[in-house]
Amino acid sequence: MPAQPKPNGASINGIYPLNDVGEMGASSLPVKAGRQAKLSFEVFPAKTAAGQKTLLNELEGLAGYNPEFISVTYGAGGSSRNGTAATAKAIQNRYQTQVMAHITYSAQSRADVIASLEQFKDIGIRQILALRGDEIANAPKTEAQAFANSVEFISAVKEMGFDVIRTTAYPDIHKDAKDADADFDWLLAKFDAGASEAITQFFFDADHFLKLRDRLDKYGFADRLIPGILAFQDAQKMQNFAQQCGVYIPPALKKELDKTANSELAEAHALSVLLDLWLRLSAEGISRYHVYTLNKSRPTQTLLELLGVGKQVSCQLSAPPVTAKKHSSSDFPKGEKALNFSKMSYL
Ligand code: FAD
């Protein structure tokens, strides 16, 4: 990676001084940050037909950015299996974009996991994020051992003939890792098993991401790492979620965010944190970004507009907006509660 000038001075959140952007060349940075960025967006499955309609309409604001793919999460223990398939199918039907389905194997039988993958294939999904997932309390042991680990799982998914298999990476080091080296070696093993790229957990210390990117660069794999950006608006919810996920919040950032908590400036402050992070990554040569949208288009769109990312005409609606009545209620898992951001085991 080309060496880039490092920022000096303090920013509002301690990550990156926005007003130092000019030091790196005011004309080049916005172009890198903006028009050259390649995007992907993550959503979680709708729980009802009405929820799906709302989600599809939210995505309309993002589809024009011509994302490389839109990804749909999968509930821990297979709890959103049908929801993932239904939402993935609906997005594919409505937008001319690739959809990546997430799948976890933890706390499910091997047969159930393979059945989910077959279901994804049947509806035309060609891209998979293959995950272990989190352990579920009191899950029967034999089921939890459906696959020995995510390396074995990635190999099994690869054998099923999907076009693209992605995996996860953890800039702040996963809580199950013995240390940073073990975490890194595990990532290399997942690439070796057949994952072509890794999407990171969200993070707020850009140096942690860049350290990981630079380690991968030594193997020629720097371009395989895609940063995950959480398009948050509520700093308190974000911090709760970060704690659940083992994401590091730099103390200076936490202190700054606390100053605007519950005030009318909170959303603008969240936006400035995301801008700082994105600009720092962009200045370091990062051009692909995976945005955790939390199923809302506005925060992501506002961020992209400020970064100068232009909408592209090549991504079109492939069908008129769908109405809830076109979906059968059997497409959706029964009896599930609406998702609550602060209580989600996963998005
Ligand atoms: P792995 O990569 O297999 O393991 C996590 C870490 O544990 C590794 O980094 C490694 O350090 C260590 N480890 C594990 N096994 C070994 C071993 N045998 N030897 C050495 N080290 C080992 N969860 C959901 O439930 N649904 C989703 O849709 C979902 N989507 C996600 C998307 C992204 C981009 C990310 C980053 C996470 C997502 N998660 C999701 C969360 C994920 O399930 C948890 O982070 C989970 O704890 C780890 O799953 P994994 O597949 O990354 O695990």
# chains A, B, ... in the order shown; residues from 1 in each chain; ligands from 1
call {"tool": "residues_near_ligand", "arguments": {"ligand": "ligand 1", "cutoff": "7 Å", "atoms": "only C-alpha atoms and all ligand atoms", "output": "PyMOL selection string"}}
result
chain A and resi 72-76+102-104+130-134+149-151+167-170+173-178+182-183+186-187+199-201+228+245+345-347
call {"tool": "write_last_selection", "arguments": {"atoms": "C-alpha atoms", "output": "PDB file, in the first residue's frame"}}
result
ATOM      1  CA  VAL A  72     -28.894 -10.654   4.514  1.00  0.00           C
ATOM      2  CA  THR A  73     -28.042 -11.908   7.999  1.00  0.00           C
ATOM      3  CA  TYR A  74     -29.051 -15.260   9.481  1.00  0.00           C
ATOM      4  CA  GLY A  75     -30.341 -15.641  13.019  1.00  0.00           C
ATOM      5  CA  ALA A  76     -28.259 -17.499  15.568  1.00  0.00           C
ATOM      6  CA  HIS A 102     -25.249 -15.282   5.664  1.00  0.00           C
ATOM      7  CA  ILE A 103     -25.418 -18.716   7.239  1.00  0.00           C
ATOM      8  CA  THR A 104     -24.217 -19.991  10.610  1.00  0.00           C
ATOM      9  CA  ALA A 130     -20.123 -18.799   5.887  1.00  0.00           C
ATOM     10  CA  LEU A 131     -20.075 -18.400   9.664  1.00  0.00           C
ATOM     11  CA  ARG A 132     -19.710 -20.438  12.789  1.00  0.00           C
ATOM     12  CA  GLY A 133     -22.038 -18.140  14.731  1.00  0.00           C
ATOM     13  CA  ASP A 134     -22.245 -17.736  18.462  1.00  0.00           C
ATOM     14  CA  ASN A 149     -15.218 -25.432  12.915  1.00  0.00           C
ATOM     15  CA  SER A 150     -15.668 -22.711  10.331  1.00  0.00           C
ATOM     16  CA  VAL A 151     -12.706 -23.893   8.263  1.00  0.00           C
ATOM     17  CA  THR A 167     -15.754 -15.088   5.788  1.00  0.00           C
ATOM     18  CA  THR A 168     -15.350 -12.816   8.805  1.00  0.00           C
ATOM     19  CA  ALA A 169     -12.375 -10.946  10.252  1.00  0.00           C
ATOM     20  CA  TYR A 170     -11.982  -9.138  13.546  1.00  0.00           C
ATOM     21  CA  ILE A 173      -9.503  -9.639  17.788  1.00  0.00           C
ATOM     22  CA  HIS A 174     -12.331 -12.098  18.398  1.00  0.00           C
ATOM     23  CA  LYS A 175     -13.044 -12.936  22.029  1.00  0.00           C
ATOM     24  CA  ASP A 176     -12.469 -16.648  21.337  1.00  0.00           C
ATOM     25  CA  ALA A 177      -8.978 -16.070  19.961  1.00  0.00           C
ATOM     26  CA  LYS A 178      -5.990 -17.009  22.091  1.00  0.00           C
ATOM     27  CA  ALA A 182      -3.948 -17.035  16.537  1.00  0.00           C
ATOM     28  CA  ASP A 183      -6.799 -14.884  15.255  1.00  0.00           C
ATOM     29  CA  TRP A 186      -7.363 -18.574  11.717  1.00  0.00           C
ATOM     30  CA  LEU A 187      -8.249 -15.979   9.107  1.00  0.00           C
ATOM     31  CA  ILE A 199     -15.747  -8.752   5.890  1.00  0.00           C
ATOM     32  CA  THR A 200     -14.780  -7.284   9.212  1.00  0.00           C
ATOM     33  CA  GLN A 201     -16.738  -6.821  12.358  1.00  0.00           C
ATOM     34  CA  GLY A 228     -17.529  -3.277   8.064  1.00  0.00           C
ATOM     35  CA  CYS A 245     -19.674  -8.129  19.965  1.00  0.00           C
ATOM     36  CA  SER A 345     -28.037 -11.605  19.515  1.00  0.00           C
ATOM     37  CA  TYR A 346     -27.205 -10.752  15.947  1.00  0.00           C
ATOM     38  CA  LEU A 347     -28.587  -8.238  13.496  1.00  0.00           C
TER      39      LEU A 347
END
call {"tool": "select_by_dssp", "arguments": {"residues": "range 69-293 of chain A", "states": "alpha helix (DSSP H)", "output": "PyMOL selection string"}}
result
chain A and resi 81-94+110-122+141-144+150-159+180-193+206-217+235-245+251-260+266-283
call {"tool": "residues_around", "arguments": {"residues": "Phe147 in chain A", "least_positions_apart": "2", "cutoff": "7 Å", "atoms": "only C-alpha atoms", "output": "ChimeraX atom specification"}}
result
/A:105,110,145,149,152-153
call {"tool": "residues_around", "arguments": {"residues": "Thr300 in chain A", "least_positions_apart": "6", "cutoff": "9 Å", "atoms": "only C-alpha atoms", "output": "ChimeraX atom specification"}}
result
/A:62,231-232,291-293
call {"tool": "write_last_selection", "arguments": {"atoms": "C-alpha atoms", "output": "mmCIF file, in the first residue's frame"}}
result
data_model
loop_
_atom_site.group_PDB
_atom_site.id
_atom_site.type_symbol
_atom_site.label_atom_id
_atom_site.label_comp_id
_atom_site.auth_asym_id
_atom_site.auth_seq_id
_atom_site.Cartn_x
_atom_site.Cartn_y
_atom_site.Cartn_z
ATOM 1 C CA LEU A 62 -29.410 2.574 -1.429
ATOM 2 C CA ALA A 231 -24.134 3.174 10.298
ATOM 3 C CA PHE A 232 -25.264 3.947 13.815
ATOM 4 C CA VAL A 291 -22.141 -0.864 5.558
ATOM 5 C CA TYR A 292 -24.244 -2.368 8.324
ATOM 6 C CA THR A 293 -27.380 -0.380 7.522
#
call {"tool": "atom_distance", "arguments": {"atom1": "CA of Arg288 in chain A", "atom2": "CA of Lys38 in chain A"}}
result
4.6 Å
call {"tool": "atom_distance", "arguments": {"atom1": "CA of Ile128 in chain A", "atom2": "CA of Phe162 in chain A"}}
result
7.3 Å
call {"tool": "residues_around", "arguments": {"residues": "Leu281 in chain A", "least_positions_apart": "3", "cutoff": "10 Å", "atoms": "only C-alpha atoms", "output": "list in words"}}
result
Lys32, Ala33, Ala206, Asp207, Phe209, Leu210, Pro227, Leu275, Asp276, Leu277, Trp278, Glu284, Gly285, Ile286, Ser287, Arg288 and Tyr289 of chain A
call {"tool": "write_last_selection", "arguments": {"atoms": "N, CA and C atoms", "output": "PDB file, in the first residue's frame"}}
result
ATOM      1  N   LYS A  32     -11.263   9.983  -3.695  1.00  0.00           N
ATOM      2  CA  LYS A  32     -11.023   8.628  -3.178  1.00  0.00           C
ATOM      3  C   LYS A  32     -12.130   8.210  -2.226  1.00  0.00           C
ATOM      4  N   ALA A  33     -12.517   9.148  -1.374  1.00  0.00           N
ATOM      5  CA  ALA A  33     -13.536   8.817  -0.396  1.00  0.00           C
ATOM      6  C   ALA A  33     -14.851   8.556  -1.084  1.00  0.00           C
ATOM      7  N   ALA A 206      -9.424   2.790  13.745  1.00  0.00           N
ATOM      8  CA  ALA A 206      -8.978   2.507  12.368  1.00  0.00           C
ATOM      9  C   ALA A 206      -7.620   1.817  12.361  1.00  0.00           C
ATOM     10  N   ASP A 207      -6.776   2.122  13.362  1.00  0.00           N
ATOM     11  CA  ASP A 207      -5.442   1.500  13.393  1.00  0.00           C
ATOM     12  C   ASP A 207      -5.541  -0.018  13.521  1.00  0.00           C
ATOM     13  N   PHE A 209      -7.887  -1.939  12.284  1.00  0.00           N
ATOM     14  CA  PHE A 209      -8.198  -2.453  10.939  1.00  0.00           C
ATOM     15  C   PHE A 209      -6.945  -2.403  10.054  1.00  0.00           C
ATOM     16  N   LEU A 210      -6.248  -1.266  10.106  1.00  0.00           N
ATOM     17  CA  LEU A 210      -5.113  -1.084   9.197  1.00  0.00           C
ATOM     18  C   LEU A 210      -3.966  -2.043   9.521  1.00  0.00           C
ATOM     19  N   PRO A 227     -13.736  -3.531   5.083  1.00  0.00           N
ATOM     20  CA  PRO A 227     -14.123  -3.023   6.406  1.00  0.00           C
ATOM     21  C   PRO A 227     -15.636  -2.958   6.578  1.00  0.00           C
ATOM     22  N   LEU A 275     -17.810   9.707   9.513  1.00  0.00           N
ATOM     23  CA  LEU A 275     -17.046  10.424   8.483  1.00  0.00           C
ATOM     24  C   LEU A 275     -15.554  10.352   8.774  1.00  0.00           C
ATOM     25  N   ASP A 276     -15.201  10.600  10.026  1.00  0.00           N
ATOM     26  CA  ASP A 276     -13.792  10.529  10.427  1.00  0.00           C
ATOM     27  C   ASP A 276     -13.190   9.175  10.080  1.00  0.00           C
ATOM     28  N   LEU A 277     -13.936   8.137  10.459  1.00  0.00           N
ATOM     29  CA  LEU A 277     -13.447   6.776  10.257  1.00  0.00           C
ATOM     30  C   LEU A 277     -13.269   6.490   8.770  1.00  0.00           C
ATOM     31  N   TRP A 278     -14.282   6.845   7.997  1.00  0.00           N
ATOM     32  CA  TRP A 278     -14.268   6.562   6.549  1.00  0.00           C
ATOM     33  C   TRP A 278     -13.132   7.318   5.865  1.00  0.00           C
ATOM     34  N   GLU A 284      -5.979   5.877   3.572  1.00  0.00           N
ATOM     35  CA  GLU A 284      -5.045   4.743   3.616  1.00  0.00           C
ATOM     36  C   GLU A 284      -5.253   3.796   2.437  1.00  0.00           C
ATOM     37  N   GLY A 285      -6.031   4.224   1.478  1.00  0.00           N
ATOM     38  CA  GLY A 285      -6.167   3.443   0.244  1.00  0.00           C
ATOM     39  C   GLY A 285      -7.317   2.455   0.222  1.00  0.00           C
ATOM     40  N   ILE A 286      -8.190   2.506   1.244  1.00  0.00           N
ATOM     41  CA  ILE A 286      -9.328   1.576   1.260  1.00  0.00           C
ATOM     42  C   ILE A 286     -10.411   2.095   0.308  1.00  0.00           C
ATOM     43  N   SER A 287     -10.907   1.213  -0.552  1.00  0.00           N
ATOM     44  CA  SER A 287     -11.912   1.686  -1.500  1.00  0.00           C
ATOM     45  C   SER A 287     -13.199   0.849  -1.479  1.00  0.00           C
ATOM     46  N   ARG A 288     -13.219  -0.209  -0.653  1.00  0.00           N
ATOM     47  CA  ARG A 288     -14.455  -1.009  -0.555  1.00  0.00           C
ATOM     48  C   ARG A 288     -14.965  -0.938   0.883  1.00  0.00           C
ATOM     49  N   TYR A 289     -16.253  -0.817   1.013  1.00  0.00           N
ATOM     50  CA  TYR A 289     -16.855  -0.647   2.343  1.00  0.00           C
ATOM     51  C   TYR A 289     -18.149  -1.464   2.412  1.00  0.00           C
TER      52      TYR A 289
END
call {"tool": "residues_around", "arguments": {"residues": "Asp172 in chain A", "least_positions_apart": "6", "cutoff": "9 Å", "atoms": "only C-alpha atoms", "output": "compact mmCIF listing (two decimals) with C-alpha atoms, in the first residue's frame"}}
result
# COMPACT_ATOMS: atom_id res chain seq x y z
CA ALA A 180 -3.79 -11.68 17.80
CA GLN A 201 -16.74 -6.82 12.36
CA PHE A 203 -14.79 -1.17 14.53
CA ASP A 205 -10.14 2.19 15.96
CA HIS A 208 -6.71 -1.95 14.39
CA PHE A 209 -8.20 -2.45 10.94
CA GLY A 246 -16.33 -7.44 21.65
CA VAL A 247 -15.79 -4.26 19.65
CA TYR A 248 -13.29 -1.80 21.14
call {"tool": "atom_distance", "arguments": {"atom1": "CA of Lys254 in chain A", "atom2": "CA of Thr302 in chain A"}}
result
22.5 Å
call {"tool": "residues_around", "arguments": {"residues": "Ala85 in chain A", "least_positions_apart": "3", "cutoff": "9 Å", "atoms": "only C-alpha atoms", "output": "ChimeraX atom specification"}}
result
/A:45,72,80-82,88-90,101,116,119-120,123,125,331
call {"tool": "write_last_selection", "arguments": {"atoms": "N, CA and C atoms", "output": "PDB file, in the first residue's frame"}}
result
ATOM      1  N   PRO A  45     -33.146  -9.878   8.197  1.00  0.00           N
ATOM      2  CA  PRO A  45     -34.384 -10.287   7.534  1.00  0.00           C
ATOM      3  C   PRO A  45     -35.620  -9.635   8.136  1.00  0.00           C
ATOM      4  N   VAL A  72     -27.769 -10.438   3.591  1.00  0.00           N
ATOM      5  CA  VAL A  72     -28.894 -10.654   4.514  1.00  0.00           C
ATOM      6  C   VAL A  72     -28.422 -11.578   5.632  1.00  0.00           C
ATOM      7  N   SER A  80     -33.568 -17.551  11.881  1.00  0.00           N
ATOM      8  CA  SER A  80     -34.182 -16.728  10.823  1.00  0.00           C
ATOM      9  C   SER A  80     -34.006 -17.365   9.451  1.00  0.00           C
ATOM     10  N   ARG A  81     -33.804 -18.704   9.440  1.00  0.00           N
ATOM     11  CA  ARG A  81     -33.506 -19.384   8.172  1.00  0.00           C
ATOM     12  C   ARG A  81     -34.479 -18.988   7.056  1.00  0.00           C
ATOM     13  N   ASN A  82     -35.788 -19.161   7.315  1.00  0.00           N
ATOM     14  CA  ASN A  82     -36.764 -18.857   6.265  1.00  0.00           C
ATOM     15  C   ASN A  82     -36.828 -17.364   5.981  1.00  0.00           C
ATOM     16  N   ALA A  88     -33.853 -12.417   1.079  1.00  0.00           N
ATOM     17  CA  ALA A  88     -32.861 -12.454  -0.008  1.00  0.00           C
ATOM     18  C   ALA A  88     -33.566 -12.544  -1.366  1.00  0.00           C
ATOM     19  N   LYS A  89     -34.573 -13.401  -1.421  1.00  0.00           N
ATOM     20  CA  LYS A  89     -35.306 -13.581  -2.679  1.00  0.00           C
ATOM     21  C   LYS A  89     -36.013 -12.280  -3.086  1.00  0.00           C
ATOM     22  N   ALA A  90     -36.627 -11.637  -2.117  1.00  0.00           N
ATOM     23  CA  ALA A  90     -37.364 -10.399  -2.424  1.00  0.00           C
ATOM     24  C   ALA A  90     -36.416  -9.315  -2.925  1.00  0.00           C
ATOM     25  N   ALA A 101     -26.199 -14.333   1.078  1.00  0.00           N
ATOM     26  CA  ALA A 101     -26.897 -14.837   2.267  1.00  0.00           C
ATOM     27  C   ALA A 101     -25.871 -15.231   3.320  1.00  0.00           C
ATOM     28  N   SER A 116     -30.582 -25.452   4.405  1.00  0.00           N
ATOM     29  CA  SER A 116     -30.641 -23.993   4.220  1.00  0.00           C
ATOM     30  C   SER A 116     -29.829 -23.570   3.000  1.00  0.00           C
ATOM     31  N   GLN A 119     -31.623 -24.408  -0.059  1.00  0.00           N
ATOM     32  CA  GLN A 119     -32.720 -23.447  -0.254  1.00  0.00           C
ATOM     33  C   GLN A 119     -32.179 -22.157  -0.894  1.00  0.00           C
ATOM     34  N   PHE A 120     -31.030 -21.691  -0.415  1.00  0.00           N
ATOM     35  CA  PHE A 120     -30.425 -20.478  -1.004  1.00  0.00           C
ATOM     36  C   PHE A 120     -30.114 -20.712  -2.486  1.00  0.00           C
ATOM     37  N   ILE A 123     -33.146 -20.556  -4.770  1.00  0.00           N
ATOM     38  CA  ILE A 123     -33.700 -19.238  -5.095  1.00  0.00           C
ATOM     39  C   ILE A 123     -32.679 -18.365  -5.828  1.00  0.00           C
ATOM     40  N   ILE A 125     -29.347 -17.732  -5.062  1.00  0.00           N
ATOM     41  CA  ILE A 125     -28.271 -17.042  -4.331  1.00  0.00           C
ATOM     42  C   ILE A 125     -26.938 -17.682  -4.694  1.00  0.00           C
ATOM     43  N   ASP A 331     -44.037 -17.418   3.889  1.00  0.00           N
ATOM     44  CA  ASP A 331     -42.641 -17.094   3.591  1.00  0.00           C
ATOM     45  C   ASP A 331     -41.895 -16.688   4.851  1.00  0.00           C
TER      46      ASP A 331
END
call {"tool": "select_by_dssp", "arguments": {"residues": "range 191-289 of chain A", "states": "strand (DSSP E)", "output": "PyMOL selection string"}}
result
chain A and resi 197-202+225-230+288-289
